[in-house]
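Pasting structure_27.cif here (mmCIF, C-alpha atoms):
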data_coords
#
loop_
_atom_site.label_atom_id
_atom_site.label_comp_id
_atom_site.auth_asym_id
_atom_site.auth_seq_id
_atom_site.Cartn_x
_atom_site.Cartn_y
_atom_site.Cartn_z
CA MET A 1 111.82 87.52 89.83
CA GLY A 2 108.84 85.46 90.71
CA GLY A 3 105.98 86.06 93.05
CA VAL A 4 103.43 83.70 94.48
CA THR A 5 99.74 84.49 94.13
CA GLY A 6 98.22 85.15 97.53
CA CYS A 7 101.56 85.91 99.23
CA VAL A 8 101.25 89.32 100.87
CA PHE A 9 105.01 89.93 100.75
CA CYS A 10 105.12 89.10 97.02
CA SER A 11 102.26 91.60 96.63
CA ILE A 12 104.25 94.22 98.57
CA VAL A 13 107.30 93.55 96.36
CA ALA A 14 105.07 93.91 93.25
CA GLY A 15 103.64 97.17 94.59
CA SER A 16 100.04 95.93 94.63
CA VAL A 17 99.87 96.06 98.45
CA PRO A 18 101.04 99.31 100.08
CA ALA A 19 103.88 99.30 102.59
CA ALA A 20 106.07 101.87 104.33
CA VAL A 21 109.24 101.03 102.41
CA VAL A 22 112.51 101.80 104.16
CA ALA A 23 114.92 100.70 101.42
CA SER A 24 115.30 98.29 98.54
CA THR A 25 117.89 96.61 96.40
CA ASP A 26 117.47 94.62 93.22
CA ARG A 27 117.20 91.47 95.41
CA SER A 28 115.51 92.56 98.67
CA LEU A 29 112.97 94.95 100.15
CA ALA A 30 112.87 96.45 103.66
CA PHE A 31 109.55 97.79 104.97
CA LEU A 32 107.88 98.52 108.31
CA ASP A 33 105.94 95.76 110.04
CA THR A 34 102.30 96.88 110.28
CA ARG A 35 102.08 95.36 113.77
CA PRO A 36 105.48 96.29 115.21
CA VAL A 37 106.94 95.01 118.45
CA PHE A 38 108.29 98.55 118.82
CA LYS A 39 107.87 101.42 116.38
CA GLY A 40 110.55 101.22 113.72
CA HIS A 41 110.31 97.38 113.50
CA VAL A 42 111.46 96.56 109.96
CA LEU A 43 110.91 93.41 107.89
CA VAL A 44 113.52 92.53 105.28
CA ALA A 45 112.38 90.11 102.57
CA PRO A 46 113.92 88.81 99.38
CA ARG A 47 112.11 89.99 96.26
CA ASP A 48 111.97 86.41 94.94
CA HIS A 49 109.56 84.17 96.81
CA VAL A 50 111.29 81.67 99.08
CA ASP A 51 109.52 80.16 102.06
CA THR A 52 112.38 79.86 104.54
CA LEU A 53 116.03 80.65 105.03
CA ALA A 54 116.90 77.13 103.88
CA SER A 55 115.15 77.88 100.56
CA LEU A 56 117.28 80.95 99.87
CA PRO A 57 119.84 80.03 97.16
CA ALA A 58 123.39 80.01 98.53
CA PRO A 59 124.62 82.83 96.25
CA ALA A 60 121.83 85.07 97.61
CA VAL A 61 122.64 84.53 101.30
CA GLY A 62 125.57 86.94 101.50
CA PRO A 63 123.87 89.85 99.72
CA TYR A 64 120.66 89.27 101.71
CA PHE A 65 122.39 89.37 105.10
CA ALA A 66 124.59 92.29 104.07
CA PHE A 67 121.33 94.19 103.44
CA VAL A 68 119.87 93.01 106.78
CA GLN A 69 123.07 94.22 108.47
CA ARG A 70 122.76 97.66 106.86
CA ILE A 71 119.12 97.90 107.95
CA ALA A 72 120.04 96.94 111.53
CA VAL A 73 122.66 99.73 111.66
CA ALA A 74 120.17 102.20 110.17
CA VAL A 75 117.49 101.28 112.71
CA GLU A 76 119.93 101.98 115.55
CA ASP A 77 121.32 105.19 114.04
CA GLY A 78 118.06 106.50 112.61
CA LEU A 79 115.99 105.93 115.73
CA GLY A 80 118.65 106.39 118.39
CA ALA A 81 118.06 102.81 119.54
CA GLY A 82 120.45 101.14 121.96
CA GLY A 83 120.55 98.04 119.77
CA THR A 84 118.40 95.72 117.70
CA PHE A 85 116.82 92.31 117.93
CA VAL A 86 117.27 90.49 114.60
CA ALA A 87 115.31 87.29 114.06
CA ILE A 88 113.88 84.90 111.49
CA ASN A 89 111.06 82.46 112.09
CA ASN A 90 111.12 79.43 109.83
CA ARG A 91 107.69 77.82 109.55
CA VAL A 92 106.81 77.80 113.28
CA SER A 93 105.56 81.29 114.19
CA GLN A 94 106.18 82.41 110.62
CA SER A 95 103.03 84.47 110.01
CA VAL A 96 103.78 84.92 106.30
CA PRO A 97 105.33 81.94 104.49
CA HIS A 98 107.86 84.14 102.68
CA LEU A 99 111.35 84.46 104.16
CA HIS A 100 111.67 87.65 106.16
CA THR A 101 113.99 88.94 108.83
CA HIS A 102 112.71 91.06 111.72
CA VAL A 103 114.88 94.02 112.73
CA VAL A 104 113.43 95.38 115.97
CA PRO A 105 114.80 98.51 117.67
CA ARG A 106 115.74 97.90 121.32
CA THR A 107 116.47 100.08 124.32
CA LYS A 108 117.61 98.99 127.75
CA GLY A 109 114.57 98.33 129.92
CA ASP A 110 112.13 98.21 126.98
CA GLY A 111 110.35 95.23 128.55
CA LEU A 112 110.98 92.72 125.76
CA ARG A 113 111.71 89.38 127.39
CA GLY A 114 112.67 86.24 125.51
CA PHE A 115 110.35 85.60 122.63
CA PHE A 116 107.25 87.31 124.03
CA TRP A 117 106.46 89.91 121.39
CA PRO A 118 103.77 92.37 122.45
CA ARG A 119 102.43 94.34 119.50
CA THR A 120 101.51 97.98 119.03
CA LYS A 121 100.16 100.09 116.16
CA TYR A 122 101.19 103.27 114.40
CA THR A 123 98.71 106.05 115.06
CA SER A 124 98.54 106.85 111.34
CA ASP A 125 100.13 106.19 107.97
CA ALA A 126 101.95 109.49 108.44
CA GLU A 127 103.54 108.25 111.68
CA ALA A 128 104.61 105.02 109.96
CA ALA A 129 106.07 107.05 107.09
CA GLU A 130 108.00 109.17 109.62
CA TYR A 131 109.65 106.05 111.08
CA ALA A 132 110.43 104.68 107.61
CA THR A 133 111.98 108.03 106.62
CA LYS A 134 114.17 108.17 109.75
CA ILE A 135 115.55 104.70 109.07
CA ALA A 136 116.00 105.30 105.34
CA ALA A 137 117.85 108.56 106.02
CA ALA A 138 120.37 106.65 108.16
CA LEU A 139 121.17 104.15 105.40
CA PRO A 140 124.40 104.51 103.49
CA SER A 141 123.92 104.80 99.72
CA LEU A 142 122.68 101.58 98.15
#
Here is a file; write its structure as structure tokens.
Amino acid sequence: MGGVTGCVFCSIVAGSVPAAVVASTDRSLAFLDTRPVFKGHVLVAPRDHVDTLASLPAPAVGPYFAFVQRIAVAVEDGLGAGGTFVAINNRVSQSVPHLHTHVVPRTKGDGLRGFFWPRTKYTSDAEAAEYATKIAAALPSL
């Protein structure tokens, strides 16, 4: 598994940059976004560095999206969300050039419209850990 020097997500995968990890597999890592649209906003990234979805090798696509699907279910169940918004930016609006999928908890009337993504912050690392724990607890065994 290869990382790219200077890539924050590769550093998170390597454990040299801290993150509130929700779950991991041998191929992917799910962790909380530090600037969430809504609390419980998870990023799912492949452990190997690939820039975009198009760069993900075909044999990895199925396992990657199966993991994203499990995270989306866990976000809903763990947080009591009404649904999720699942999205990938490729290059344009991609703040980190490492493939990652956003899984954002949604509730009816939450104010999210189109692709306007207001940001918030966790009040503390403990609060972020609480959200990560709730989502992780809702995951079926990996």
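Checking A:Arg27, A:Cys10, A:Pro97, A:Thr34 one by one against Pro63 in chain A, counting only C-alpha atoms, you find the shortest gap at A:Arg27.
Counting all atoms listed in the file and comparing A:Ala132, A:Val44, A:Thr5, A:Ala66, the residue that lies closest to Ala87 in chain A is A:Val44.
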Item to complete: Given the file shown, enumerate the residues that the PyMOL selection byres ((chain A and resi 82) around 8) captures and present them as a ChimeraX atom specification.
Response: /A:76,80-81,83-84,105-108
Please expand the PyMOL selection byres ((chain A and resi 67) around 12) into the concrete residues it hits in this file, giving the result as a PyMOL selection string.
chain A and resi 22-30+43-46+60-66+68-74+100-101+103+139-142
Original post:
Could you spell out the hits of the PyMOL selection byres ((chain A and resi 131) around 9) on the shown file, as an NGL selection string?
Top reply: :A and (20 or 22 or 32 or 39-40 or 78-79 or 126-130 or 132-136)
Separation of CA of Asp48 in chain A and CA of Phe85 in chain A, in Å?
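Interatomic distance here is 24.2 Å.
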A straight line from CA of Gly15 in chain A to CA of Asp125 in chain A spans 16.5 Å
What box, with edges along x, y and z, holds each listed atom of range 29-37 of chain A when 4 Å is added on every side, and can you state its centre and edge lengths in Å to one decimal, as JSON?
{"center_x": 107.5, "center_y": 96.7, "center_z": 109.3, "size_x": 18.9, "size_y": 11.6, "size_z": 26.3}
List as number ranges by chain the protein and nucleic acid residues near Val4 in chain A, meaning an atom at most 12 Å away when all atoms listed in the file are counted, but skip any in the same chain fewer than 2 places from it.
A: 1-2, 6-14, 47-51, 96-98
Name the residues within 8 Å of (117.6, 82.8, 104.9), counting all atoms listed in the file in the file's coordinates, and put them as a VMD selection string.
chain A and resid 52 to 56 61 64 88 99 to 100
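CA of Val37 in chain A is found 8.8 Å from CA of Lys121 in chain A.
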Q.
Give me, as a VMD selection string, all polymer residues having an atom no more than 9 Å from Arg119 in chain A, counting all atoms listed in the file and skipping those fewer than 5 positions away in the same chain.
A. chain A and resid 35 to 38
